[in-house]
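Report on the following structure.
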Amino acid sequence: MRKLRTRTTGLAAVTTAVLALSLTACGEDSSGVKSSGPAAGSAASAPSSAQAEQNTDTAKGAANGKHTGTARGAGAAKATTGPAAANTPVCTTKNVAISAAHQGGPPYTHIVLTAKNTSGHSCKLTGFPEIEFLESHRENVPQVAKSKPATPVVLTAGAPAYALVKLSDGGRTENTEPVTAFSVTLQGGGGLAAVKAPGGGIAVDPAKWATGYWTPELRNGADDF
(Lines give C-alpha, C1' and ligand atoms only; values in the text may rest on other atoms or scores of the structure.)
Protein backbone atom coordinates (compact mmCIF):
# COMPACT_ATOMS: atom_id res chain seq x y z
CA MET A 1 0.00 0.00 0.00
CA ARG A 2 2.84 2.40 0.76
CA LYS A 3 4.53 1.58 -2.56
CA LEU A 4 1.37 2.43 -4.53
CA ARG A 5 1.15 5.90 -2.96
CA THR A 6 4.77 6.58 -3.85
CA ARG A 7 4.21 5.64 -7.50
CA THR A 8 1.06 7.78 -7.71
CA THR A 9 2.87 10.81 -6.31
CA GLY A 10 5.74 10.34 -8.78
CA LEU A 11 3.36 10.04 -11.71
CA ALA A 12 1.58 13.26 -10.71
CA ALA A 13 4.90 15.12 -10.57
CA VAL A 14 5.89 13.89 -14.03
CA THR A 15 2.49 14.88 -15.45
CA THR A 16 2.81 18.37 -13.97
CA ALA A 17 6.26 18.80 -15.50
CA VAL A 18 5.09 17.65 -18.95
CA LEU A 19 2.10 20.04 -18.81
CA ALA A 20 4.39 22.97 -17.90
CA LEU A 21 6.67 22.17 -20.82
CA SER A 22 3.71 21.98 -23.19
CA LEU A 23 2.41 25.38 -22.12
CA THR A 24 5.88 26.90 -22.60
CA ALA A 25 6.15 25.40 -26.12
CA CYS A 26 2.76 26.87 -27.06
CA GLY A 27 3.92 30.35 -25.96
CA GLU A 28 1.43 30.78 -23.13
CA ASP A 29 2.37 33.45 -20.61
CA SER A 30 1.39 33.70 -17.00
CA SER A 31 -1.90 35.36 -17.91
CA GLY A 32 -3.00 32.38 -19.99
CA VAL A 33 -2.80 34.30 -23.32
CA LYS A 34 -1.02 32.45 -26.14
CA SER A 35 1.30 34.17 -28.58
CA SER A 36 3.09 32.95 -31.71
CA GLY A 37 6.28 35.02 -31.25
CA PRO A 38 7.84 37.91 -29.35
CA ALA A 39 5.46 40.27 -27.58
CA ALA A 40 4.21 43.27 -29.53
CA GLY A 41 6.41 46.35 -29.11
CA SER A 42 9.53 44.31 -28.31
CA ALA A 43 12.87 45.21 -29.92
CA ALA A 44 12.78 42.06 -32.02
CA SER A 45 9.52 42.92 -33.77
CA ALA A 46 9.62 46.74 -33.94
CA PRO A 47 11.25 48.17 -37.11
CA SER A 48 14.11 50.61 -36.68
CA SER A 49 13.40 54.32 -37.05
CA ALA A 50 15.50 54.41 -40.23
CA GLN A 51 13.53 51.53 -41.74
CA ALA A 52 10.24 53.17 -40.79
CA GLU A 53 11.35 56.43 -42.41
CA GLN A 54 12.40 54.62 -45.58
CA ASN A 55 9.06 52.82 -45.75
CA THR A 56 7.25 56.15 -45.37
CA ASP A 57 9.34 57.82 -48.08
CA THR A 58 8.79 54.90 -50.44
CA ALA A 59 5.04 55.06 -49.90
CA LYS A 60 5.00 58.81 -50.50
CA GLY A 61 7.05 58.41 -53.66
CA ALA A 62 4.68 55.80 -55.02
CA ALA A 63 1.66 57.96 -54.24
CA ASN A 64 3.18 60.94 -56.03
CA GLY A 65 4.33 58.92 -59.02
CA LYS A 66 8.01 59.53 -58.20
CA HIS A 67 10.90 57.10 -57.90
CA THR A 68 12.81 57.00 -54.65
CA GLY A 69 16.53 56.36 -54.46
CA THR A 70 15.83 52.73 -53.66
CA ALA A 71 13.53 52.31 -56.62
CA ARG A 72 16.11 53.83 -58.97
CA GLY A 73 18.75 51.38 -57.90
CA ALA A 74 22.43 52.09 -57.53
CA GLY A 75 22.72 54.18 -60.72
CA ALA A 76 22.49 57.95 -60.35
CA ALA A 77 20.59 60.22 -62.72
CA LYS A 78 22.62 61.18 -65.79
CA ALA A 79 22.50 63.94 -68.36
CA THR A 80 21.99 62.98 -72.00
CA THR A 81 22.09 64.48 -75.47
CA GLY A 82 19.84 63.63 -78.39
CA PRO A 83 16.46 64.29 -80.04
CA ALA A 84 14.71 64.66 -76.66
CA ALA A 85 16.28 68.12 -76.33
CA ALA A 86 13.93 69.58 -78.95
CA ASN A 87 10.85 69.40 -76.71
CA THR A 88 12.59 70.00 -73.37
CA PRO A 89 12.39 73.45 -71.72
CA VAL A 90 15.58 75.41 -71.13
CA CYS A 91 17.12 75.17 -67.67
CA THR A 92 16.99 78.37 -65.66
CA THR A 93 18.83 79.37 -62.52
CA LYS A 94 15.69 78.35 -60.63
CA ASN A 95 16.04 74.82 -62.02
CA VAL A 96 19.73 74.18 -61.41
CA ALA A 97 22.32 74.68 -58.69
CA ILE A 98 25.70 75.80 -60.06
CA SER A 99 28.93 75.18 -58.15
CA ALA A 100 32.66 75.28 -58.87
CA ALA A 101 35.51 72.98 -57.85
CA HIS A 102 39.22 72.74 -58.55
CA GLN A 103 40.39 70.29 -61.16
CA GLY A 104 43.69 68.65 -60.35
CA GLY A 105 46.22 69.86 -57.84
CA PRO A 106 48.24 73.05 -57.50
CA PRO A 107 48.95 75.09 -59.45
CA TYR A 108 45.22 75.33 -60.07
CA THR A 109 44.92 76.07 -63.77
CA HIS A 110 41.35 74.78 -64.26
CA ILE A 111 38.04 74.59 -62.41
CA VAL A 112 34.96 72.51 -63.15
CA LEU A 113 31.49 74.03 -63.14
CA THR A 114 28.67 71.67 -62.18
CA ALA A 115 25.04 72.48 -62.91
CA LYS A 116 22.74 70.04 -61.09
CA ASN A 117 19.05 69.85 -61.91
CA THR A 118 17.10 70.47 -58.68
CA SER A 119 13.71 71.17 -60.27
CA GLY A 120 12.18 67.70 -60.23
CA HIS A 121 11.59 67.71 -64.01
CA SER A 122 13.80 67.59 -67.12
CA CYS A 123 15.38 70.69 -68.63
CA LYS A 124 18.17 71.38 -71.11
CA LEU A 125 21.37 73.39 -71.00
CA THR A 126 22.24 75.09 -74.27
CA GLY A 127 25.68 76.24 -75.34
CA PHE A 128 28.32 77.15 -72.78
CA PRO A 129 28.32 79.04 -69.45
CA GLU A 130 28.78 82.76 -70.01
CA ILE A 131 31.29 83.57 -67.29
CA GLU A 132 32.29 87.01 -66.06
CA PHE A 133 35.23 86.79 -63.66
CA LEU A 134 36.21 90.45 -63.30
CA GLU A 135 34.31 93.71 -63.27
CA SER A 136 37.24 95.27 -65.07
CA HIS A 137 36.74 92.80 -67.94
CA ARG A 138 33.12 92.93 -69.03
CA GLU A 139 33.58 90.45 -71.84
CA ASN A 140 32.65 86.86 -71.16
CA VAL A 141 35.27 84.13 -70.95
CA PRO A 142 35.64 82.81 -74.53
CA GLN A 143 34.39 79.31 -75.36
CA VAL A 144 36.37 76.42 -76.81
CA ALA A 145 34.53 75.26 -79.94
CA LYS A 146 35.86 71.69 -79.94
CA SER A 147 34.12 70.90 -76.63
CA LYS A 148 30.65 71.59 -78.06
CA PRO A 149 28.34 68.51 -78.00
CA ALA A 150 26.22 67.69 -81.05
CA THR A 151 22.97 68.64 -79.29
CA PRO A 152 22.02 70.50 -76.07
CA VAL A 153 22.43 68.62 -72.82
CA VAL A 154 19.19 67.28 -71.30
CA LEU A 155 19.19 67.06 -67.51
CA THR A 156 16.71 64.68 -65.97
CA ALA A 157 15.69 65.35 -62.37
CA GLY A 158 18.80 65.25 -60.18
CA ALA A 159 21.25 64.94 -63.11
CA PRO A 160 24.40 67.10 -63.40
CA ALA A 161 26.17 68.66 -66.39
CA TYR A 162 29.75 69.89 -66.43
CA ALA A 163 31.86 72.60 -68.04
CA LEU A 164 35.64 72.77 -67.80
CA VAL A 165 37.06 76.28 -67.34
CA LYS A 166 40.70 77.29 -67.81
CA LEU A 167 41.95 79.98 -65.45
CA SER A 168 45.60 80.38 -66.43
CA ASP A 169 48.73 78.52 -67.50
CA GLY A 170 49.86 78.20 -63.89
CA GLY A 171 53.05 80.19 -64.34
CA ARG A 172 54.48 82.25 -61.52
CA THR A 173 55.19 85.19 -63.79
CA GLU A 174 51.67 85.35 -65.22
CA ASN A 175 49.62 88.48 -64.84
CA THR A 176 46.79 86.96 -62.76
CA GLU A 177 44.08 88.58 -60.71
CA PRO A 178 42.31 87.17 -57.62
CA VAL A 179 38.64 86.17 -57.83
CA THR A 180 36.48 85.09 -54.88
CA ALA A 181 33.12 84.98 -56.71
CA PHE A 182 31.92 85.31 -60.29
CA SER A 183 28.77 85.27 -62.39
CA VAL A 184 27.49 82.56 -64.73
CA THR A 185 24.74 83.25 -67.25
CA LEU A 186 22.78 80.34 -68.72
CA GLN A 187 22.18 80.79 -72.42
CA GLY A 188 18.71 80.67 -73.93
CA GLY A 189 17.13 82.88 -71.29
CA GLY A 190 18.20 80.82 -68.30
CA GLY A 191 19.25 83.79 -66.22
CA LEU A 192 22.31 84.68 -64.17
CA ALA A 193 23.74 83.02 -61.06
CA ALA A 194 26.46 84.05 -58.61
CA VAL A 195 29.04 81.33 -57.96
CA LYS A 196 31.63 81.17 -55.18
CA ALA A 197 35.20 80.41 -56.19
CA PRO A 198 36.53 77.12 -54.77
CA GLY A 199 39.03 77.20 -51.94
CA GLY A 200 38.11 80.75 -51.00
CA GLY A 201 39.59 82.23 -54.16
CA ILE A 202 41.20 81.58 -57.55
CA ALA A 203 43.76 83.38 -59.73
CA VAL A 204 42.70 84.13 -63.31
CA ASP A 205 44.63 85.38 -66.32
CA PRO A 206 42.42 87.28 -68.81
CA ALA A 207 44.89 86.44 -71.57
CA LYS A 208 44.61 82.68 -71.02
CA TRP A 209 41.14 81.93 -69.65
CA ALA A 210 38.62 79.85 -71.63
CA THR A 211 35.51 77.75 -71.04
CA GLY A 212 34.16 74.55 -72.47
CA TYR A 213 30.53 73.83 -73.34
CA TRP A 214 28.09 72.10 -71.02
CA THR A 215 28.58 68.35 -71.43
CA PRO A 216 27.04 65.21 -69.86
CA GLU A 217 30.50 63.95 -68.91
CA LEU A 218 33.60 65.95 -68.14
CA ARG A 219 35.93 63.75 -70.13
CA ASN A 220 34.24 63.82 -73.53
CA GLY A 221 37.43 63.69 -75.58
CA ALA A 222 37.26 67.36 -76.55
CA ASP A 223 37.74 69.25 -73.32
CA ASP A 224 41.52 69.29 -73.10
CA PHE A 225 42.54 72.93 -73.30
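By convention here, the chains of the C-alpha coordinates are called A, B, ... in the order presented, each chain's residues are numbered starting at 1, and ligands are numbered starting at 1 in the order presented.
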
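Residues with any atom within 7 Å of Thr176 in chain A, counting only C-alpha atoms and excluding same-chain neighbours fewer than 4 positions away, are Ala203, Val204 and Asp205 of chain A.
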
Output the selection as a CSV table (one decimal), in the first residue's frame - N, CA, C and O atoms for each residue.
```csv
chain,number,residue,atom,x,y,z
A,203,ALA,N,43.0,82.4,-59.0
A,203,ALA,CA,43.8,83.4,-59.7
A,203,ALA,C,43.5,83.2,-61.2
A,203,ALA,O,43.7,82.1,-61.7
A,204,VAL,N,43.1,84.2,-61.9
A,204,VAL,CA,42.7,84.1,-63.3
A,204,VAL,C,43.6,85.1,-64.2
A,204,VAL,O,44.0,86.1,-63.7
A,205,ASP,N,43.8,84.6,-65.4
A,205,ASP,CA,44.6,85.4,-66.3
A,205,ASP,C,43.7,85.7,-67.5
A,205,ASP,O,43.4,84.8,-68.3
```

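For the pair CA of Ala210 in chain A and CA of Thr173 in chain A, the interatomic distance is 19.1 Å.
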
Practice task
Between A:Ser168, A:Ser147, A:Asn95, A:Thr185, single out the one closest to Ile111 in chain A, counting only C-alpha atoms.
Solution key: A:Ser168

Practice task
Can you work out the spacing between CA of Val153 in chain A and CA of Phe128 in chain A in Å, to one decimal?
Solution key: 10.4 Å

Practice task
Give the answer as one residue: which of A:Ala207, A:Leu164, A:Ile98, A:Ala157 has the shortest atom-to-atom distance to Val195 in chain A, using only C-alpha atoms?
Solution key: A:Ile98

Problem - Given only C-alpha atoms as the counted atoms, nearest of A:Val90, A:Val144, A:Ala163, A:Ile202 to Thr114 in chain A - result: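 Among A:Val90, A:Val144, A:Ala163, A:Ile202, it is A:Ala163 that comes nearest to Thr114 in chain A.
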